[in-house]
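Structure file coords.cif (mmCIF, C-alpha atoms and all ligand atoms) is printed below.
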data_my_file
loop_
_atom_site.label_atom_id
_atom_site.label_comp_id
_atom_site.auth_asym_id
_atom_site.auth_seq_id
_atom_site.Cartn_x
_atom_site.Cartn_y
_atom_site.Cartn_z
CA MET A 39 -5.70 14.40 27.74
CA THR A 40 -7.79 14.13 24.58
CA ASP A 41 -6.75 11.85 21.76
CA ASN A 42 -5.58 14.79 19.73
CA ASP A 43 -3.30 16.05 22.48
CA LEU A 44 -1.37 12.83 21.98
CA ALA A 45 -0.47 14.00 18.46
CA PHE A 46 1.29 17.09 19.73
CA SER A 47 2.80 16.08 23.04
CA ALA A 48 3.92 12.51 22.46
CA ALA A 49 7.49 11.45 22.04
CA PRO A 50 8.44 7.81 21.69
CA SER A 51 8.95 6.32 25.13
CA VAL A 52 9.04 2.69 26.19
CA THR A 53 8.72 2.40 29.93
CA THR A 54 7.75 -1.26 30.43
CA GLU A 55 9.13 -4.52 29.16
CA LEU A 56 7.52 -5.38 25.81
CA PRO A 57 4.90 -6.66 25.84
CA GLY A 58 3.91 -4.97 29.10
CA PRO A 59 1.56 -6.68 31.58
CA LEU A 60 -1.70 -5.42 30.05
CA ALA A 61 -0.54 -6.22 26.53
CA ARG A 62 0.52 -9.71 27.64
CA ASP A 63 -2.95 -10.44 29.02
CA LEU A 64 -4.59 -9.32 25.79
CA ILE A 65 -2.18 -11.38 23.70
CA ASP A 66 -3.07 -14.48 25.76
CA ARG A 67 -6.78 -13.88 25.14
CA ASP A 68 -6.11 -13.20 21.47
CA LYS A 69 -4.23 -16.49 21.03
CA ARG A 70 -7.21 -18.44 22.32
CA VAL A 71 -9.75 -17.10 19.82
CA VAL A 72 -8.10 -15.40 16.84
CA SER A 73 -7.28 -17.31 13.67
CA PRO A 74 -3.66 -18.44 13.60
CA ALA A 75 -3.48 -17.36 9.93
CA LEU A 76 -2.65 -13.85 11.12
CA GLY A 77 1.11 -13.34 11.29
CA ARG A 78 1.61 -10.81 14.11
CA VAL A 79 4.94 -9.06 13.58
CA TYR A 80 5.72 -7.90 17.11
CA PRO A 81 3.64 -7.68 20.30
CA LEU A 82 2.12 -4.23 19.75
CA VAL A 83 -1.32 -3.92 21.36
CA VAL A 84 -2.83 -0.59 20.33
CA LYS A 85 -4.83 1.45 22.82
CA ARG A 86 -5.05 4.71 20.91
CA ALA A 87 -3.33 6.59 18.14
CA ALA A 88 -3.15 10.19 16.97
CA GLY A 89 -1.11 11.91 14.29
CA MET A 90 2.27 10.17 14.11
CA TYR A 91 1.98 8.33 17.42
CA VAL A 92 0.59 5.07 18.73
CA GLU A 93 0.14 4.28 22.40
CA ASP A 94 -0.10 0.72 23.67
CA LEU A 95 -2.19 -0.65 26.53
CA ASP A 96 0.64 -0.14 29.00
CA GLY A 97 1.21 3.51 28.07
CA ASN A 98 4.28 2.95 25.88
CA ARG A 99 4.43 5.39 22.99
CA PHE A 100 5.74 4.67 19.53
CA LEU A 101 6.60 6.83 16.55
CA ASP A 102 4.68 5.25 13.70
CA LEU A 103 6.65 4.68 10.49
CA ASN A 104 4.14 1.97 9.42
CA ALA A 105 0.88 3.91 9.23
CA GLY A 106 -0.94 0.58 9.76
CA ILE A 107 0.81 -0.58 6.60
CA ALA A 108 0.61 2.54 4.46
CA VAL A 109 -2.98 3.29 5.44
CA ALA A 110 -3.20 6.24 7.88
CA ALA A 111 -2.43 8.77 5.13
CA THR A 112 -3.64 11.81 7.07
CA GLY A 113 -2.17 10.59 10.36
CA HIS A 114 -4.14 8.75 13.00
CA CYS A 115 -7.51 10.29 13.77
CA HIS A 116 -7.05 13.51 11.82
CA PRO A 117 -9.69 15.84 13.33
CA ASP A 118 -11.20 16.72 9.93
CA VAL A 119 -11.50 13.04 9.00
CA VAL A 120 -13.00 12.14 12.37
CA GLY A 121 -15.40 15.10 12.01
CA ALA A 122 -16.59 13.90 8.60
CA ILE A 123 -17.06 10.37 9.96
CA GLU A 124 -19.09 11.71 12.91
CA THR A 125 -21.29 13.84 10.67
CA GLN A 126 -21.97 11.02 8.21
CA SER A 127 -22.58 8.54 11.06
CA ARG A 128 -25.37 10.72 12.43
CA SER A 129 -26.96 10.88 9.00
CA TYR A 130 -26.84 7.20 7.92
CA LEU A 131 -24.39 4.31 8.13
CA HIS A 132 -25.30 2.17 5.15
CA TYR A 133 -27.58 1.94 2.18
CA CYS A 134 -26.01 -0.57 -0.23
CA SER A 135 -24.31 1.72 -2.72
CA SER A 136 -24.38 -1.05 -5.34
CA ASP A 137 -28.17 -0.91 -5.57
CA PHE A 138 -29.11 2.64 -4.62
CA HIS A 139 -27.74 6.16 -4.94
CA VAL A 140 -25.57 7.40 -2.09
CA PRO A 141 -24.43 11.00 -2.71
CA VAL A 142 -21.08 10.72 -0.92
CA TYR A 143 -20.24 7.66 -3.10
CA THR A 144 -20.72 9.85 -6.16
CA GLU A 145 -18.56 12.54 -4.56
CA VAL A 146 -15.62 10.15 -4.01
CA CYS A 147 -15.90 8.95 -7.61
CA GLU A 148 -15.91 12.58 -8.84
CA ARG A 149 -12.78 13.34 -6.78
CA LEU A 150 -10.97 10.24 -8.05
CA ALA A 151 -12.00 11.00 -11.64
CA GLU A 152 -10.56 14.54 -11.35
CA MET A 153 -7.32 13.22 -9.84
CA SER A 154 -6.87 10.16 -12.04
CA PRO A 155 -3.66 9.77 -14.06
CA MET A 156 -5.76 9.07 -17.18
CA SER A 157 -6.27 12.05 -19.47
CA ASP A 158 -9.56 10.75 -20.88
CA GLN A 159 -12.91 10.17 -19.16
CA VAL A 160 -12.95 7.50 -16.43
CA LYS A 161 -15.52 5.57 -14.42
CA VAL A 162 -15.00 4.50 -10.81
CA TYR A 163 -16.13 1.46 -8.82
CA LEU A 164 -15.74 1.39 -5.02
CA GLY A 165 -14.97 -1.69 -2.92
CA ASN A 166 -13.80 -2.35 0.62
CA SER A 167 -10.22 -3.54 0.28
CA GLY A 168 -7.27 -3.61 -2.09
CA THR A 169 -7.91 -7.19 -3.06
CA GLU A 170 -11.48 -6.32 -4.08
CA ALA A 171 -10.22 -3.58 -6.39
CA VAL A 172 -7.84 -6.09 -7.97
CA GLU A 173 -10.59 -8.72 -8.35
CA ALA A 174 -12.76 -6.10 -10.06
CA ALA A 175 -9.87 -5.21 -12.38
CA LEU A 176 -9.34 -8.87 -13.28
CA LYS A 177 -13.00 -9.41 -14.09
CA LEU A 178 -13.35 -6.21 -16.10
CA ALA A 179 -10.12 -6.72 -18.06
CA ARG A 180 -11.25 -10.18 -19.15
CA TYR A 181 -14.77 -8.94 -19.88
CA ALA A 182 -13.72 -5.87 -21.86
CA THR A 183 -11.12 -7.68 -23.99
CA GLY A 184 -12.73 -11.13 -24.22
CA ARG A 185 -9.23 -12.55 -23.56
CA PRO A 186 -8.36 -15.08 -20.85
CA ASN A 187 -4.74 -14.47 -19.77
CA VAL A 188 -3.15 -12.01 -17.36
CA ILE A 189 0.48 -11.16 -16.67
CA ALA A 190 1.83 -10.06 -13.29
CA PHE A 191 5.34 -9.81 -11.82
CA HIS A 192 7.65 -11.72 -9.51
CA GLY A 193 7.73 -10.03 -6.12
CA SER A 194 4.29 -8.52 -6.57
CA PHE A 195 1.56 -8.41 -3.95
CA HIS A 196 -2.01 -7.87 -5.15
CA GLY A 197 -4.06 -9.47 -2.36
CA ARG A 198 -5.08 -12.79 -0.89
CA THR A 199 -8.45 -13.69 -2.39
CA ALA A 200 -8.43 -16.41 -5.03
CA GLY A 201 -8.06 -14.20 -8.12
CA SER A 202 -5.65 -11.62 -6.69
CA LEU A 203 -3.67 -14.38 -4.95
CA SER A 204 -3.03 -15.88 -8.38
CA LEU A 205 -1.30 -12.61 -9.30
CA THR A 206 0.57 -12.27 -6.00
CA ALA A 207 4.10 -13.68 -6.26
CA SER A 208 6.05 -12.16 -3.40
CA LYS A 209 6.32 -15.16 -1.07
CA GLY A 210 5.59 -18.78 -1.90
CA LYS A 211 3.88 -19.32 1.46
CA TYR A 212 1.05 -16.97 0.50
CA ARG A 213 0.05 -19.38 -2.27
CA SER A 214 1.15 -22.77 -1.08
CA GLY A 215 -1.49 -25.25 0.09
CA PHE A 216 -4.42 -23.49 -1.52
CA GLY A 217 -4.71 -25.55 -4.67
CA ALA A 218 -4.45 -24.43 -8.27
CA PRO A 219 -4.33 -20.69 -8.87
CA MET A 220 -6.62 -19.01 -11.40
CA PRO A 221 -5.78 -20.35 -14.84
CA GLY A 222 -4.13 -18.07 -17.39
CA VAL A 223 -1.90 -16.08 -15.03
CA HIS A 224 1.77 -15.76 -16.00
CA HIS A 225 4.59 -14.01 -14.15
CA ALA A 226 7.52 -12.00 -15.44
CA PRO A 227 10.62 -10.59 -13.69
CA TYR A 228 10.14 -7.13 -12.16
CA ALA A 229 12.66 -4.31 -12.59
CA GLY A 230 15.92 -4.88 -10.76
CA ALA A 231 16.05 -8.64 -11.35
CA ASP A 232 19.10 -9.99 -13.18
CA GLY A 233 18.92 -10.13 -16.99
CA LEU A 234 15.91 -9.13 -19.05
CA THR A 235 12.86 -7.88 -17.14
CA GLY A 236 9.47 -6.31 -17.83
CA ALA A 237 8.37 -5.72 -21.43
CA ALA A 238 11.56 -7.13 -22.96
CA TRP A 239 11.22 -10.42 -21.03
CA ILE A 240 7.50 -10.72 -21.73
CA GLU A 241 8.08 -10.23 -25.44
CA SER A 242 11.05 -12.54 -25.77
CA VAL A 243 10.00 -15.33 -23.37
CA LEU A 244 6.25 -15.34 -22.62
CA PHE A 245 5.04 -14.29 -26.07
CA ARG A 246 7.46 -16.69 -27.74
CA HIS A 247 6.94 -19.79 -25.62
CA VAL A 248 3.87 -19.49 -23.39
CA THR A 249 1.02 -17.30 -24.61
CA GLU A 250 0.11 -15.40 -27.74
CA PRO A 251 -0.23 -11.67 -26.98
CA GLY A 252 -3.71 -11.79 -28.49
CA ASP A 253 -4.78 -14.01 -25.57
CA VAL A 254 -3.60 -11.54 -22.93
CA ALA A 255 -6.25 -9.31 -21.33
CA ALA A 256 -4.03 -7.34 -18.96
CA ILE A 257 -0.62 -6.69 -17.50
CA VAL A 258 -0.97 -5.86 -13.80
CA VAL A 259 1.91 -3.90 -12.31
CA GLU A 260 2.80 -2.03 -9.13
CA PRO A 261 4.42 1.19 -10.42
CA LEU A 262 6.66 1.03 -7.34
CA GLN A 263 6.76 -2.48 -5.98
CA GLY A 264 5.70 -2.60 -2.32
CA GLU A 265 5.61 -5.87 -0.41
CA GLY A 266 8.28 -7.20 -2.82
CA GLY A 267 10.89 -4.81 -1.41
CA TYR A 268 10.07 -1.16 -2.23
CA ILE A 269 11.65 -1.36 -5.67
CA VAL A 270 11.63 1.66 -7.99
CA PRO A 271 11.74 0.72 -11.69
CA PRO A 272 14.28 2.62 -13.82
CA ASP A 273 13.22 5.40 -16.21
CA GLY A 274 11.47 4.01 -19.27
CA TRP A 275 10.57 0.64 -17.72
CA LEU A 276 6.87 1.47 -17.28
CA ALA A 277 6.79 3.27 -20.66
CA ASP A 278 8.06 0.06 -22.30
CA LEU A 279 5.19 -1.86 -20.68
CA ARG A 280 2.74 0.77 -21.95
CA ALA A 281 4.16 0.44 -25.48
CA LEU A 282 3.89 -3.35 -25.31
CA CYS A 283 0.26 -3.09 -24.22
CA ASP A 284 -0.50 -0.62 -27.04
CA ARG A 285 1.13 -2.90 -29.59
CA TYR A 286 -1.08 -5.87 -28.70
CA GLY A 287 -4.30 -4.33 -27.37
CA ILE A 288 -3.52 -5.40 -23.79
CA LEU A 289 -4.87 -3.35 -20.86
CA LEU A 290 -2.31 -1.90 -18.47
CA VAL A 291 -3.50 -2.15 -14.86
CA ALA A 292 -1.62 -0.05 -12.29
CA ASP A 293 -1.97 -1.41 -8.77
CA GLU A 294 -1.55 1.77 -6.70
CA VAL A 295 -3.06 0.23 -3.57
CA GLN A 296 0.14 0.78 -1.55
CA SER A 297 1.92 3.44 -3.63
CA GLY A 298 -1.01 5.78 -4.35
CA ILE A 299 -2.71 8.68 -2.52
CA GLY A 300 0.33 10.96 -2.35
CA ARG A 301 2.66 8.46 -0.68
CA THR A 302 5.51 8.77 -3.18
CA GLY A 303 5.38 12.58 -3.33
CA THR A 304 3.10 12.58 -6.37
CA MET A 305 -0.57 11.66 -6.23
CA TRP A 306 0.18 8.35 -8.01
CA ALA A 307 3.49 6.54 -8.19
CA ILE A 308 3.00 6.16 -11.94
CA ASP A 309 2.85 9.96 -12.50
CA PRO A 310 6.58 10.71 -12.97
CA SER A 311 6.78 8.06 -15.72
CA GLY A 312 4.21 9.93 -17.83
CA VAL A 313 2.49 6.58 -18.41
CA GLU A 314 -1.31 6.44 -18.29
CA PRO A 315 -2.78 3.14 -17.15
CA ASP A 316 -6.07 1.80 -18.51
CA LEU A 317 -7.24 0.61 -15.10
CA MET A 318 -5.98 1.65 -11.66
CA CYS A 319 -6.54 -0.02 -8.29
CA VAL A 320 -6.57 2.18 -5.18
CA GLY A 321 -6.97 1.24 -1.51
CA LYS A 322 -5.13 1.54 1.81
CA GLY A 323 -4.73 5.32 2.39
CA LEU A 324 -7.87 6.29 0.46
CA ALA A 325 -10.09 6.72 3.54
CA SER A 326 -7.37 7.26 6.21
CA GLY A 327 -8.07 3.89 7.84
CA LEU A 328 -11.68 3.14 7.03
CA PRO A 329 -12.13 0.26 4.58
CA LEU A 330 -12.47 1.63 1.07
CA SER A 331 -10.93 0.82 -2.30
CA ALA A 332 -11.49 1.88 -5.88
CA LEU A 333 -11.11 0.67 -9.41
CA VAL A 334 -10.65 3.60 -11.79
CA THR A 335 -11.16 2.63 -15.44
CA ARG A 336 -10.96 4.46 -18.74
CA ASP A 337 -14.54 4.91 -19.86
CA ARG A 338 -14.00 3.09 -23.14
CA TYR A 339 -13.10 -0.14 -21.30
CA CYS A 340 -15.94 0.10 -18.80
CA THR A 341 -18.09 -2.06 -21.01
CA TRP A 342 -19.95 -4.00 -18.35
CA GLY A 343 -23.59 -3.33 -17.56
CA PRO A 344 -25.84 -3.35 -14.48
CA GLY A 345 -25.43 -6.33 -12.16
CA LYS A 346 -22.09 -7.43 -13.63
CA HIS A 347 -20.29 -6.45 -10.43
CA GLY A 348 -21.14 -5.08 -6.99
CA SER A 349 -20.78 -5.51 -3.24
CA THR A 350 -23.07 -5.11 -0.23
CA PHE A 351 -20.66 -2.90 1.68
CA GLY A 352 -18.42 -1.47 -1.08
CA GLY A 353 -18.43 2.33 -0.99
CA ASN A 354 -19.90 2.51 2.50
CA PRO A 355 -21.00 6.13 3.13
CA VAL A 356 -18.97 6.56 6.35
CA ALA A 357 -15.81 5.36 4.58
CA CYS A 358 -16.67 7.61 1.62
CA ALA A 359 -17.04 10.64 3.92
CA ALA A 360 -13.57 9.92 5.30
CA ALA A 361 -12.23 9.56 1.75
CA VAL A 362 -13.53 12.95 0.54
CA VAL A 363 -11.65 14.73 3.34
CA THR A 364 -8.59 12.51 2.90
CA LEU A 365 -8.37 13.25 -0.83
CA ASP A 366 -8.71 16.99 -0.18
CA LEU A 367 -5.95 16.98 2.46
CA VAL A 368 -3.67 14.86 0.32
CA ALA A 369 -4.16 17.10 -2.72
CA GLU A 370 -3.86 20.37 -0.76
CA SER A 371 -0.70 19.70 1.21
CA LEU A 372 0.18 16.12 2.12
CA THR A 373 1.57 15.05 -1.26
CA ALA A 374 3.99 17.98 -1.21
CA ASN A 375 4.85 17.14 2.40
CA ALA A 376 5.55 13.52 1.43
CA ALA A 377 7.96 14.74 -1.27
CA ALA A 378 9.80 17.23 0.98
CA VAL A 379 10.01 15.19 4.19
CA GLY A 380 10.61 12.02 2.16
CA ASP A 381 13.71 13.60 0.54
CA HIS A 382 15.00 14.67 3.93
CA PHE A 383 14.34 11.23 5.47
CA MET A 384 16.05 9.50 2.57
CA GLU A 385 19.10 11.76 2.98
CA ARG A 386 19.30 10.92 6.67
CA LEU A 387 19.03 7.20 5.92
CA ARG A 388 21.66 7.39 3.16
CA ASP A 389 23.96 9.14 5.60
CA LEU A 390 23.31 6.31 8.07
CA ALA A 391 23.99 3.74 5.34
CA SER A 392 27.40 5.34 4.68
CA ARG A 393 28.36 4.62 8.31
CA GLN A 394 26.45 1.39 8.91
CA ALA A 395 27.83 -1.67 7.13
CA LEU A 396 24.62 -3.67 7.73
CA ILE A 397 22.77 -1.47 5.20
CA THR A 398 23.30 -2.29 1.52
CA ASP A 399 20.82 0.09 -0.15
CA VAL A 400 18.37 2.92 0.56
CA ARG A 401 15.79 3.48 -2.16
CA GLY A 402 12.26 4.70 -2.79
CA ARG A 403 10.37 7.89 -3.48
CA GLY A 404 8.63 10.30 -1.12
CA LEU A 405 7.50 8.45 1.99
CA MET A 406 7.83 4.99 0.45
CA ILE A 407 11.40 4.21 1.46
CA GLY A 408 13.10 0.83 1.60
CA VAL A 409 16.26 0.22 3.64
CA GLU A 410 17.93 -2.97 2.45
CA PHE A 411 20.15 -5.01 4.78
CA ILE A 412 22.84 -7.62 4.24
CA ASP A 413 20.33 -10.44 4.78
CA GLY A 414 16.79 -11.20 5.87
CA ASP A 415 17.69 -12.10 9.47
CA THR A 416 19.36 -8.72 9.94
CA ALA A 417 16.35 -6.86 8.49
CA LYS A 418 14.08 -8.77 10.86
CA ALA A 419 16.39 -8.08 13.83
CA VAL A 420 16.38 -4.33 13.04
CA GLU A 421 12.57 -4.34 12.81
CA GLN A 422 12.34 -5.97 16.25
CA ALA A 423 15.02 -3.74 17.78
CA ALA A 424 13.24 -0.65 16.42
CA PHE A 425 10.07 -1.72 18.24
CA ARG A 426 12.03 -1.84 21.51
CA GLU A 427 13.34 1.67 20.74
CA GLY A 428 9.76 2.98 20.34
CA LEU A 429 9.72 2.93 16.53
CA LEU A 430 7.20 1.03 14.40
CA VAL A 431 8.62 -0.30 11.12
CA LEU A 432 8.00 -3.41 9.06
CA THR A 433 10.10 -5.60 6.78
CA CYS A 434 9.27 -6.28 3.13
CA GLY A 435 10.91 -8.22 0.31
CA GLU A 436 13.73 -10.57 1.25
CA ARG A 437 15.88 -8.23 3.35
CA THR A 438 14.36 -4.76 3.42
CA VAL A 439 12.77 -2.62 6.14
CA ARG A 440 10.10 -0.30 4.81
CA ILE A 441 9.52 3.24 6.00
CA ALA A 442 5.92 4.23 5.19
CA PRO A 443 4.77 6.78 7.77
CA PRO A 444 1.58 8.81 7.74
CA LEU A 445 1.97 11.62 5.21
CA VAL A 446 1.70 14.24 7.99
CA ILE A 447 5.19 13.48 9.33
CA ASP A 448 7.30 16.61 9.76
CA GLN A 449 11.06 17.02 9.45
CA GLN A 450 11.68 16.89 13.18
CA GLN A 451 9.73 13.62 13.49
CA ALA A 452 11.69 12.24 10.54
CA ASP A 453 14.90 13.13 12.40
CA VAL A 454 13.67 11.34 15.53
CA GLY A 455 12.76 8.35 13.32
CA ALA A 456 16.20 8.31 11.69
CA ASP A 457 17.94 8.56 15.10
CA LEU A 458 15.90 5.68 16.52
CA PHE A 459 16.50 3.62 13.39
CA ASP A 460 20.22 4.24 13.83
CA ARG A 461 19.96 3.07 17.46
CA ALA A 462 18.09 -0.07 16.34
CA CYS A 463 20.87 -0.88 13.85
CA ARG A 464 23.52 -0.32 16.52
CA ARG A 465 21.59 -2.54 18.91
CA VAL A 466 21.67 -5.29 16.27
CA VAL A 467 25.46 -5.05 15.80
CA GLY A 468 25.82 -5.04 19.61
CA ARG A 469 27.23 -1.56 19.99
CA LEU A 470 24.44 -0.37 22.26
C1 LIG A 501 -0.04 -3.29 -4.05
C2 LIG A 501 -1.10 -3.96 -3.24
N1 LIG A 501 -2.21 -4.43 -3.85
C3 LIG A 501 -3.20 -5.04 -3.18
C4 LIG A 501 -3.10 -5.22 -1.81
C5 LIG A 501 -4.21 -5.91 -1.07
O1 LIG A 501 -4.87 -4.98 -0.28
P1 LIG A 501 -5.84 -5.48 0.91
O2 LIG A 501 -4.96 -6.06 1.97
O3 LIG A 501 -6.54 -4.23 1.34
O4 LIG A 501 -6.76 -6.49 0.33
C6 LIG A 501 -1.97 -4.76 -1.12
C7 LIG A 501 -1.83 -4.96 0.33
O5 LIG A 501 -0.79 -4.84 0.90
C8 LIG A 501 -0.94 -4.12 -1.86
O6 LIG A 501 0.17 -3.66 -1.26
#
Could the structure of this file be written out as structure tokens, please?
Amino acid sequence: MTDNDLAFSAAPSVTTELPGPLARDLIDRDKRVVSPALGRVYPLVVKRAAGMYVEDLDGNRFLDLNAGIAVAATGHCHPDVVGAIETQSRSYLHYCSSDFHVPVYTEVCERLAEMSPMSDQVKVYLGNSGTEAVEAALKLARYATGRPNVIAFHGSFHGRTAGSLSLTASKGKYRSGFGAPMPGVHHAPYAGADGLTGAAWIESVLFRHVTEPGDVAAIVVEPLQGEGGYIVPPDGWLADLRALCDRYGILLVADEVQSGIGRTGTMWAIDPSGVEPDLMCVGKGLASGLPLSALVTRDRYCTWGPGKHGSTFGGNPVACAAAVVTLDLVAESLTANAAAVGDHFMERLRDLASRQALITDVRGRGLMIGVEFIDGDTAKAVEQAAFREGLLVLTCGERTVRIAPPLVIDQQQADVGADLFDRACRRVVGRL
């Protein structure tokens, strides 16, 4: 069987205890040498993956509603993506795109410029990871405005390097023990919190008591909050932030690292709001699993000159080759698929919620769906039970399980996913 056969013939099936014997051996080896900072969620040891399916070392097969955390946009090992990677690999692997011209780097930037949510001219910088795109945004926002402060939101996740970690405010443990965060970062309540949130809170609390708006370089926002719980802001919430930024000359930075590349049924999660950001961070699904990220910036704010920023590996040509194909597939069909199958999946989950008292909310857009449970322990128990049913899902926020499959999922696979999710919930209440 070739890897691609797996995509068409697999159905979730768990035939060993989990972890199975081969997985257990690997996990023992892993524990001896791998940094304990990594928080492994359940004992999945991947042998191969194709399309919507992942197979572990012991031959157990899982339906993947994680996509390697919202990364495998085109499904695992899409043949066109693998083909582009093979072709580029035979040509050259690396030539430091920060210092020399690499044609496929230019091609990715052209694609992103055409697809950007900004109506005016943009410039694009490529990095390796989401956090690098956010770091680049932080530096450029301060440089372009000459202002020191930045505002982010409670519940947000923007990365784990020193600058982006200062913006991240989803879980205290991500920050604790690492000393003082970057100075000048302030946090505001995200949509859905009690009382005032967003622009109204920033204006009435931060600008009154903490910082003058003229000292603020940027407001960094996830248009649909990911790690914080898959929270969709109400209509007008992002437009109010845009208006606030316009009023005070503050740059609006959309972090689309998790929500972008077709995942929400539009190319960018910010699209339905009609709001145009000044800077946009992209990552995760951009190259279908190869490390690549981007900072897209309105031309007028791209004021920095040669040598102001760069990276040895950023915009690696093999990753760029994967990105060109990914962006084409996402634009041609996968965004529409995410909208259609996402609606169907959401309906199935809402139907489940009407019968399952453990579930308190189902929300999201496209294939970025959050299922909220009565408490965090229950969400965790459902995540673990799903794994035993052959379904890969992951918690987020305080008590939510996220559904973020590859964008190639079809309706029948969504039905299988919903049925297995139902079984996992019933397992948790003890009725299975
Ligand atoms: C919205 C958002 N921004 C930034 C990041 C950081 O991306 P990376 O882990 O690639 O550094 C993440 C990762 O989950 C994210 O969800």
* Asked: Which residues form the shell of 6 Å around ligand LIG 501 (chain A) when you count only C-alpha atoms and all ligand atoms, given as a ChimeraX atom specification?
  -> /A:167-169,195-197,260,264-265,293-296,322
* d(CA of Thr304 in chain A, CA of Asp158 in chain A) in Å ->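 CA of Thr304 in chain A sits 19.3 Å away from CA of Asp158 in chain A.
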* Quick one, how far is CA of Val160 in chain A from CA of Ser349 in chain A? ->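 Calculated distance between CA of Val160 in chain A and CA of Ser349 in chain A is 20.1 Å.
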* Gap from CA of Ala281 in chain A to CA of Ala179 in chain A - Å, one decimal ->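 So the answer is 17.6 Å.
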* In terms of the shortest atom-to-atom distance over all atoms listed in the file, which of A:Pro186, A:Pro57, A:Pro329, A:Pro315 is closest to Asn354 in chain A? -> A:Pro329
* Shell around range 119-125 of chain A at 7 Å using all atoms listed in the file, local window under 2 positions removed, as a PyMOL selection string -> chain A and resi 115-117+127-129+356+359-360+363-364
* Asked: Residues at most 8 Å from range 436-440 of chain A, counting only C-alpha atoms, excluding those fewer than 6 positions away in the same chain, as a PyMOL selection string?
  -> chain A and resi 104+266-268+406-418+420-421
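If only C-alpha atoms are the atoms counted, then among A:Thr112, A:Ile107, A:Ala256, A:Ala307 the closest residue to Glu370 in chain A is A:Thr112.
Nearest residue to Leu372 in chain A among A:Pro271, A:Gly323, A:Gly348, A:Gly106 is A:Gly323, counting all atoms listed in the file.
Proximity to Thr235 in chain A was assessed for A:His192, A:Ala277, A:Ala200, A:Pro50 counting all atoms listed in the file; the smallest distance is recorded for A:His192.
Among the candidates A:Ala374, A:Ser154, A:Asp399, A:Ser214, the residue lying nearest to Asp309 in chain A is A:Ser154 (atoms considered: only C-alpha atoms).
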* Asked: A:Arg403, A:Arg70, A:Arg86, A:Arg198: which is nearest Ala378 in chain A, counting only C-alpha atoms?
  ->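 Checking each candidate against Ala378 in chain A, we get A:Arg403 as the closest.
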Test item: axis-aligned box, all listed atoms of range 161-177 of chain A, 6 Å on each side, centre and edges in Å rounded to one decimal, as lines of an AutoDock Vina configuration file:
center_x = -11.7
center_y = -1.9
center_z = -6.9
size_x = 20.9
size_y = 27.0
size_z = 27.0
Mind dumping a table of every range 141-160 of chain A residue within 10 Å of range 332-338 of chain A, with the nearest atom pair and its distance in Å to one decimal, using only C-alpha atoms, sorted by chain and rising number, as CSV?
residue,atom,partner,partner_atom,distance
A:Val146,CA,A:Ala332,CA,9.4
A:Cys147,CA,A:Ala332,CA,8.5
A:Leu150,CA,A:Val334,CA,7.6
A:Ala151,CA,A:Val334,CA,7.5
A:Ser154,CA,A:Val334,CA,7.6
A:Pro155,CA,A:Val334,CA,9.6
A:Met156,CA,A:Arg336,CA,7.1
A:Ser157,CA,A:Arg336,CA,9.0
A:Asp158,CA,A:Arg336,CA,6.8
A:Gln159,CA,A:Asp337,CA,5.6
A:Val160,CA,A:Arg336,CA,4.3
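The neighbours of range 140-145 of chain A here are the residues that come within 9 Å of it, using all atoms listed in the file and leaving out any residue fewer than 4 positions away in the same chain; they are His132, Tyr133, Cys134, Ser135, Arg149, Leu150, Leu164, Gly353, Asn354, Pro355, Val356, Cys358, Ala359 and Val362 of chain A.
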* **9 Å contact set for Gly97 in chain A, all atoms listed in the file, chain neighbours under 2 positions out, as JSON, numbers by chain** => {"A": [51, 52, 53, 54, 58, 85, 93, 94, 95, 99]}
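The protein and nucleic acid residues lying at most 7 Å from Gly89 in chain A are Ala45, Ala87, Tyr91, Gly113, His114, Cys115 and His116 of chain A, with only C-alpha atoms considered and sequence neighbours fewer than 2 positions away removed.
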Pull out range 375-381 of chain A, keep N, CA and C atoms, and write it as a PDB file, in the first residue's frame.
ATOM      1  N   ASN A 375     -14.739  24.374   0.483  1.00  0.00           N
ATOM      2  CA  ASN A 375     -15.008  23.107   1.174  1.00  0.00           C
ATOM      3  C   ASN A 375     -15.081  23.320   2.690  1.00  0.00           C
ATOM      4  N   ALA A 376     -14.171  24.157   3.208  1.00  0.00           N
ATOM      5  CA  ALA A 376     -14.175  24.429   4.652  1.00  0.00           C
ATOM      6  C   ALA A 376     -15.507  25.061   5.063  1.00  0.00           C
ATOM      7  N   ALA A 377     -16.036  25.960   4.221  1.00  0.00           N
ATOM      8  CA  ALA A 377     -17.313  26.604   4.550  1.00  0.00           C
ATOM      9  C   ALA A 377     -18.446  25.578   4.536  1.00  0.00           C
ATOM     10  N   ALA A 378     -18.504  24.754   3.477  1.00  0.00           N
ATOM     11  CA  ALA A 378     -19.636  23.826   3.322  1.00  0.00           C
ATOM     12  C   ALA A 378     -19.574  22.704   4.351  1.00  0.00           C
ATOM     13  N   VAL A 379     -18.418  22.032   4.450  1.00  0.00           N
ATOM     14  CA  VAL A 379     -18.326  20.905   5.385  1.00  0.00           C
ATOM     15  C   VAL A 379     -18.346  21.425   6.830  1.00  0.00           C
ATOM     16  N   GLY A 380     -17.771  22.618   7.031  1.00  0.00           N
ATOM     17  CA  GLY A 380     -17.800  23.224   8.368  1.00  0.00           C
ATOM     18  C   GLY A 380     -19.238  23.448   8.836  1.00  0.00           C
ATOM     19  N   ASP A 381     -20.102  23.969   7.952  1.00  0.00           N
ATOM     20  CA  ASP A 381     -21.514  24.190   8.320  1.00  0.00           C
ATOM     21  C   ASP A 381     -22.174  22.873   8.703  1.00  0.00           C
TER      22      ASP A 381
END
